[in-house]
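Visitor: See final.cif below, with mmCIF, C-alpha atoms.
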data_upload
#
loop_
_atom_site.group_PDB
_atom_site.id
_atom_site.type_symbol
_atom_site.label_atom_id
_atom_site.label_comp_id
_atom_site.auth_asym_id
_atom_site.auth_seq_id
_atom_site.Cartn_x
_atom_site.Cartn_y
_atom_site.Cartn_z
ATOM 1 C CA MET A 1 8.391 3.671 -16.823
ATOM 2 C CA PRO A 2 7.455 5.374 -13.553
ATOM 3 C CA ASN A 3 10.111 6.138 -10.978
ATOM 4 C CA ILE A 4 10.490 6.518 -7.221
ATOM 5 C CA ILE A 5 9.755 10.170 -6.371
ATOM 6 C CA ALA A 6 11.493 10.685 -3.001
ATOM 7 C CA GLY A 7 14.026 9.270 -0.575
ATOM 8 C CA LYS A 8 17.273 7.422 -1.077
ATOM 9 C CA TYR A 9 16.131 5.749 -4.332
ATOM 10 C CA LYS A 10 14.632 8.896 -5.884
ATOM 11 C CA ARG A 11 14.469 8.727 -9.703
ATOM 12 C CA THR A 12 15.000 4.939 -9.796
ATOM 13 C CA LYS A 13 12.887 3.528 -12.639
ATOM 14 C CA ILE A 14 10.319 0.844 -11.817
ATOM 15 C CA GLU A 15 9.196 -1.756 -14.325
ATOM 16 C CA VAL A 16 5.422 -1.993 -14.792
ATOM 17 C CA PRO A 17 3.533 -4.890 -16.375
ATOM 18 C CA SER A 18 2.058 -3.855 -19.720
ATOM 19 C CA LYS A 19 -1.396 -5.098 -18.747
ATOM 20 C CA LEU A 20 -3.355 -6.004 -15.620
ATOM 21 C CA VAL A 21 -1.784 -3.200 -13.571
ATOM 22 C CA ARG A 22 -2.789 0.439 -13.104
ATOM 23 C CA PRO A 23 0.211 2.030 -11.371
ATOM 24 C CA THR A 24 -0.455 4.839 -8.903
ATOM 25 C CA SER A 25 0.631 8.091 -10.556
ATOM 26 C CA ALA A 26 3.450 10.242 -9.173
ATOM 27 C CA LEU A 27 0.901 12.949 -8.271
ATOM 28 C CA LYS A 28 -1.199 10.522 -6.215
ATOM 29 C CA ARG A 29 1.886 8.920 -4.606
ATOM 30 C CA GLU A 30 3.169 12.329 -3.562
ATOM 31 C CA ALA A 31 -0.272 13.203 -2.143
ATOM 32 C CA ILE A 32 -0.513 9.887 -0.261
ATOM 33 C CA PHE A 33 2.880 10.243 1.404
ATOM 34 C CA SER A 34 2.398 13.952 2.103
ATOM 35 C CA ILE A 35 -0.899 13.203 3.884
ATOM 36 C CA LEU A 36 0.648 10.276 5.791
ATOM 37 C CA GLU A 37 3.682 12.310 6.850
ATOM 38 C CA SER A 38 1.467 15.220 8.002
ATOM 39 C CA TYR A 39 -0.651 12.731 9.961
ATOM 40 C CA SER A 40 2.455 11.318 11.639
ATOM 41 C CA ILE A 41 3.651 14.787 12.656
ATOM 42 C CA ARG A 42 0.216 15.767 14.033
ATOM 43 C CA HIS A 43 0.014 12.549 16.062
ATOM 44 C CA SER A 44 3.696 12.459 17.107
ATOM 45 C CA ILE A 45 4.351 9.050 15.574
ATOM 46 C CA ASN A 46 7.011 7.840 13.183
ATOM 47 C CA ILE A 47 5.449 5.940 10.285
ATOM 48 C CA TYR A 48 8.821 4.745 8.988
ATOM 49 C CA LYS A 49 11.157 3.825 11.872
ATOM 50 C CA ASP A 50 10.831 0.135 12.765
ATOM 51 C CA LYS A 51 7.484 -0.040 10.902
ATOM 52 C CA SER A 52 6.164 -1.744 7.790
ATOM 53 C CA ILE A 53 3.718 -1.185 4.978
ATOM 54 C CA ILE A 54 1.370 -3.866 3.662
ATOM 55 C CA ASP A 55 0.774 -3.229 -0.048
ATOM 56 C CA ILE A 56 -2.326 -5.250 -0.998
ATOM 57 C CA PHE A 57 -2.833 -5.817 -4.758
ATOM 58 C CA ALA A 58 0.803 -4.728 -5.055
ATOM 59 C CA GLY A 59 1.194 -4.829 -8.829
ATOM 60 C CA SER A 60 4.593 -3.331 -9.667
ATOM 61 C CA GLY A 61 5.125 -2.449 -5.980
ATOM 62 C CA LEU A 62 5.364 1.313 -6.469
ATOM 63 C CA ILE A 63 3.767 2.267 -3.129
ATOM 64 C CA GLY A 64 5.728 -0.213 -1.014
ATOM 65 C CA LEU A 65 8.977 0.606 -2.815
ATOM 66 C CA GLU A 66 8.337 4.329 -2.340
ATOM 67 C CA ALA A 67 7.935 3.623 1.391
ATOM 68 C CA VAL A 68 11.260 1.728 1.485
ATOM 69 C CA SER A 69 12.949 4.635 -0.296
ATOM 70 C CA ARG A 70 11.547 6.979 2.366
ATOM 71 C CA GLY A 71 12.897 4.823 5.208
ATOM 72 C CA ILE A 72 10.268 2.244 6.184
ATOM 73 C CA LYS A 73 11.838 -0.890 7.649
ATOM 74 C CA LYS A 74 9.912 -3.470 5.591
ATOM 75 C CA SER A 75 7.361 -3.735 2.803
ATOM 76 C CA TYR A 76 4.994 -6.676 2.535
ATOM 77 C CA PHE A 77 3.593 -7.096 -0.963
ATOM 78 C CA ILE A 78 0.476 -9.194 -1.578
ATOM 79 C CA GLU A 79 0.007 -10.183 -5.216
ATOM 80 C CA ASP A 80 -1.628 -13.183 -6.865
ATOM 81 C CA ASP A 81 -0.877 -12.834 -10.576
ATOM 82 C CA GLU A 82 2.168 -14.879 -11.625
ATOM 83 C CA SER A 83 3.340 -12.604 -14.460
ATOM 84 C CA VAL A 84 2.952 -9.500 -12.255
ATOM 85 C CA PHE A 85 4.708 -11.345 -9.403
ATOM 86 C CA LYS A 86 7.847 -11.794 -11.544
ATOM 87 C CA ILE A 87 8.058 -8.073 -12.329
ATOM 88 C CA LEU A 88 7.358 -7.186 -8.688
ATOM 89 C CA LYS A 89 10.219 -9.472 -7.602
ATOM 90 C CA ARG A 90 12.629 -7.795 -10.067
ATOM 91 C CA ASN A 91 11.593 -4.348 -8.794
ATOM 92 C CA CYS A 92 12.075 -5.405 -5.162
ATOM 93 C CA ASP A 93 15.500 -6.896 -5.913
ATOM 94 C CA LYS A 94 16.487 -3.643 -7.650
ATOM 95 C CA ILE A 95 15.467 -1.378 -4.730
ATOM 96 C CA CYS A 96 15.464 -3.400 -1.511
ATOM 97 C CA LYS A 97 17.797 -5.476 0.583
ATOM 98 C CA LEU A 98 16.419 -8.976 1.219
ATOM 99 C CA ASN A 99 15.286 -8.133 4.765
ATOM 100 C CA GLU A 100 13.381 -5.039 3.542
ATOM 101 C CA TYR A 101 10.639 -6.875 1.682
ATOM 102 C CA GLU A 102 8.506 -9.982 1.535
ATOM 103 C CA ILE A 103 6.226 -10.955 -1.339
ATOM 104 C CA ILE A 104 3.164 -12.963 -0.388
ATOM 105 C CA PHE A 105 1.924 -14.823 -3.468
ATOM 106 C CA LYS A 106 -1.753 -15.246 -2.541
ATOM 107 C CA LYS A 107 -5.143 -13.716 -3.173
ATOM 108 C CA ALA A 108 -5.526 -10.583 -1.048
ATOM 109 C CA GLU A 109 -8.116 -11.990 1.339
ATOM 110 C CA PHE A 110 -5.821 -14.931 2.185
ATOM 111 C CA GLY A 111 -2.531 -13.009 2.103
ATOM 112 C CA ILE A 112 -3.606 -10.975 5.118
ATOM 113 C CA GLU A 113 -4.434 -14.068 7.177
ATOM 114 C CA ARG A 114 -1.017 -14.238 8.778
ATOM 115 C CA GLU A 115 1.295 -12.613 11.286
ATOM 116 C CA PHE A 116 3.519 -9.749 10.144
ATOM 117 C CA ASP A 117 6.833 -9.673 12.016
ATOM 118 C CA VAL A 118 7.255 -5.890 11.601
ATOM 119 C CA GLU A 119 4.351 -3.784 12.909
ATOM 120 C CA PRO A 120 2.463 -2.077 10.056
ATOM 121 C CA SER A 121 2.006 1.690 10.129
ATOM 122 C CA ILE A 122 0.436 1.764 6.644
ATOM 123 C CA ILE A 123 -1.894 -0.647 4.850
ATOM 124 C CA PHE A 124 -2.415 0.281 1.202
ATOM 125 C CA ILE A 125 -5.304 -1.297 -0.714
ATOM 126 C CA ASP A 126 -5.529 -0.640 -4.462
ATOM 127 C CA PRO A 127 -7.680 -3.341 -6.054
ATOM 128 C CA PRO A 128 -8.684 -3.540 -9.695
ATOM 129 C CA TYR A 129 -11.571 -1.056 -9.896
ATOM 130 C CA ASN A 130 -14.919 -2.595 -8.902
ATOM 131 C CA LYS A 131 -13.557 -6.152 -9.058
ATOM 132 C CA GLU A 132 -12.683 -6.996 -5.467
ATOM 133 C CA ASN A 133 -14.672 -6.988 -2.259
ATOM 134 C CA ILE A 134 -12.814 -4.361 -0.246
ATOM 135 C CA ASN A 135 -15.259 -4.799 2.646
ATOM 136 C CA LYS A 136 -14.213 -8.435 3.050
ATOM 137 C CA ILE A 137 -10.550 -7.402 3.143
ATOM 138 C CA LEU A 138 -11.209 -4.601 5.668
ATOM 139 C CA PHE A 139 -13.185 -6.999 7.850
ATOM 140 C CA LYS A 140 -10.293 -9.509 7.833
ATOM 141 C CA ILE A 141 -7.796 -6.756 8.678
ATOM 142 C CA ILE A 142 -9.884 -5.872 11.741
ATOM 143 C CA LYS A 143 -10.681 -9.490 12.672
ATOM 144 C CA ASN A 144 -7.023 -10.582 12.437
ATOM 145 C CA LYS A 145 -5.895 -7.506 14.416
ATOM 146 C CA ILE A 146 -3.477 -6.414 11.681
ATOM 147 C CA LYS A 147 -4.485 -2.769 12.058
ATOM 148 C CA LEU A 148 -3.122 -1.346 15.284
ATOM 149 C CA ASN A 149 -4.064 1.985 16.898
ATOM 150 C CA ASP A 150 -1.717 4.126 14.808
ATOM 151 C CA THR A 151 -1.984 2.116 11.583
ATOM 152 C CA VAL A 152 -3.416 4.111 8.678
ATOM 153 C CA ILE A 153 -5.325 2.313 5.936
ATOM 154 C CA VAL A 154 -5.215 3.981 2.514
ATOM 155 C CA ILE A 155 -7.671 2.810 -0.138
ATOM 156 C CA GLU A 156 -7.452 3.784 -3.807
ATOM 157 C CA ILE A 157 -10.716 3.183 -5.680
ATOM 158 C CA GLU A 158 -12.685 4.480 -8.653
ATOM 159 C CA LYS A 159 -14.163 7.851 -7.636
ATOM 160 C CA ASN A 160 -17.809 6.746 -7.910
ATOM 161 C CA GLN A 161 -17.303 3.467 -6.068
ATOM 162 C CA GLN A 162 -18.936 3.263 -2.654
ATOM 163 C CA ILE A 163 -17.697 0.994 0.100
ATOM 164 C CA LYS A 164 -19.141 0.281 3.501
ATOM 165 C CA ILE A 165 -16.628 1.113 6.209
ATOM 166 C CA PRO A 166 -16.673 -1.571 8.930
ATOM 167 C CA GLU A 167 -17.338 -0.672 12.542
ATOM 168 C CA GLY A 168 -14.104 0.319 14.241
ATOM 169 C CA LEU A 169 -12.774 2.274 11.238
ATOM 170 C CA VAL A 170 -13.316 5.943 10.399
ATOM 171 C CA VAL A 171 -12.538 7.825 7.181
ATOM 172 C CA TRP A 172 -10.586 10.907 8.254
ATOM 173 C CA LYS A 173 -9.614 12.177 4.818
ATOM 174 C CA GLU A 174 -10.900 11.744 1.268
ATOM 175 C CA ARG A 175 -9.306 13.113 -1.895
ATOM 176 C CA ILE A 176 -10.376 12.909 -5.552
ATOM 177 C CA TYR A 177 -7.760 12.845 -8.333
ATOM 178 C CA GLY A 178 -9.352 12.555 -11.780
ATOM 179 C CA LYS A 179 -11.132 9.183 -11.865
ATOM 180 C CA THR A 180 -9.648 8.066 -8.544
ATOM 181 C CA LYS A 181 -10.705 8.457 -4.922
ATOM 182 C CA LEU A 182 -8.243 8.090 -2.040
ATOM 183 C CA LEU A 183 -9.638 7.226 1.387
ATOM 184 C CA PHE A 184 -7.575 7.461 4.583
ATOM 185 C CA LEU A 185 -8.917 5.417 7.501
ATOM 186 C CA ASN A 186 -8.024 4.901 11.087
#
What is this structure when it is put down as structure tokens?
Guide:
Amino acid sequence: MPNIIAGKYKRTKIEVPSKLVRPTSALKREAIFSILESYSIRHSINIYKDKSIIDIFAGSGLIGLEAVSRGIKKSYFIEDDESVFKILKRNCDKICKLNEYEIIFKKAEFGIEREFDVEPSIIFIDPPYNKENINKILFKIIKNKIKLNDTVIVIEIEKNQQIKIPEGLVVWKERIYGKTKLLFLN
């Protein structure tokens, strides 16, 4: 079982569904948050205080729960698989207070068609490799004005997968870890 790697819940074990989910490794999670925290220092913004993360294709919730452990005010988890949802709920109940998370049980493209009561500083998109239309999700994020000026979008995809970045977004960092590519957009 993977565990939270930093913050107030460091070393807390997280349950992961035995199938359907590819949890983000500790190495990649550390890289993601290190890059995000460096970005926030360079741009004089606080990505945690009074902010939220939207974890799309949440799975076990590792990224959103890591953000809560590091001090983010709220994590929104979007997940549409019922068996994964149950494990995600148990993980959230183990780590978070009730006001620190919300699970949206919908397909990703519909889960983002709503208002989020806590402004997002991070949107994390980690779909099953080559099975979801990331462009459609990015377009809806822009169209619904979910991404604000300082919001960073992080996408985890298979390293050879190509996506078309919609107008209004720019990739400012790309990292390869084994079979995975991480894209950071603003």
Visitor: For the provided coordinates, the residues matched by the PyMOL selection byres ((chain A and resi 167) around 12) should be stated as a ChimeraX atom specification.
Guide: /A:135,138-139,141-143,164-166,168-171,185-186
Visitor: For this structure, which residues satisfy the selection - the PyMOL selection byres ((chain A and resi 117-129) around 8) - when it is evaluated on the file as given? I want them as a ChimeraX atom specification.
Guide: /A:21-22,47-48,50-58,63,73-74,115-116,130-132,134,146-148,150-158
Visitor: For the provided coordinates, the residues matched by the PyMOL selection byres ((chain A and resi 90-106) around 8) should be stated as a list in words.
Guide: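 Applied to this file, the PyMOL selection byres ((chain A and resi 90-106) around 8) selects Tyr9, Ile14, Glu15, Ser60, Gly61, Leu65, Val68, Ser69, Lys73, Lys74, Ser75, Tyr76, Phe77, Ile78, Glu79, Asp80, Asp81, Phe85, Lys86, Ile87, Leu88, Lys89, Lys107, Ala108, Phe110 and Gly111 of chain A.
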Visitor: Looking at all atoms listed in the file, which of A:Lys136, A:Lys145, A:Lys173, A:Arg11 is the one that sits closest to Ser38 in chain A?
Guide: A:Lys173
Visitor: Record the distance separating CA of Lys19 in chain A and CA of Val84 in chain A, expressed in Å with one decimal.
Guide: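 A separation of 9.0 Å between them.
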Visitor: Please report the interatomic distance between CA of Ala67 in chain A and CA of Lys28 in chain A in Å with one decimal.
Guide: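 Computing the Euclidean distance for CA of Ala67 in chain A and CA of Lys28 in chain A yields 13.7 Å.
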Visitor: Select, counting all atoms listed in the file, all protein, DNA and RNA residues no farther than 9 Å from (-10.5, 7.8, -3.6) in file coordinates, and express the selection as a ChimeraX atom specification.
Guide: /A:154-161,174-177,179-184
Visitor: Could you write out as lines of an AutoDock Vina configuration file the box around range 26-29 of chain A (axis-aligned, all atoms listed in the file, 8 Å on each side), with centre and edge lengths in Å to one decimal?
Guide:
center_x = 1.1
center_y = 10.9
center_z = -6.9
size_x = 20.6
size_y = 20.0
size_z = 20.6
Visitor: Counting all atoms listed in the file, figure out which residue out of A:Arg70, A:Ile45, A:Lys140, A:Asn149 gets nearest to Lys8 in chain A.
Guide: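 Of A:Arg70, A:Ile45, A:Lys140, A:Asn149, the one nearest Lys8 in chain A is A:Arg70, counting all atoms listed in the file.
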Visitor: Measuring atom to atom with all atoms listed in the file, identify which of A:Ile112, A:Ile41, A:Leu62, A:Ile137 is nearest to Ala6 in chain A.
Guide: A:Leu62
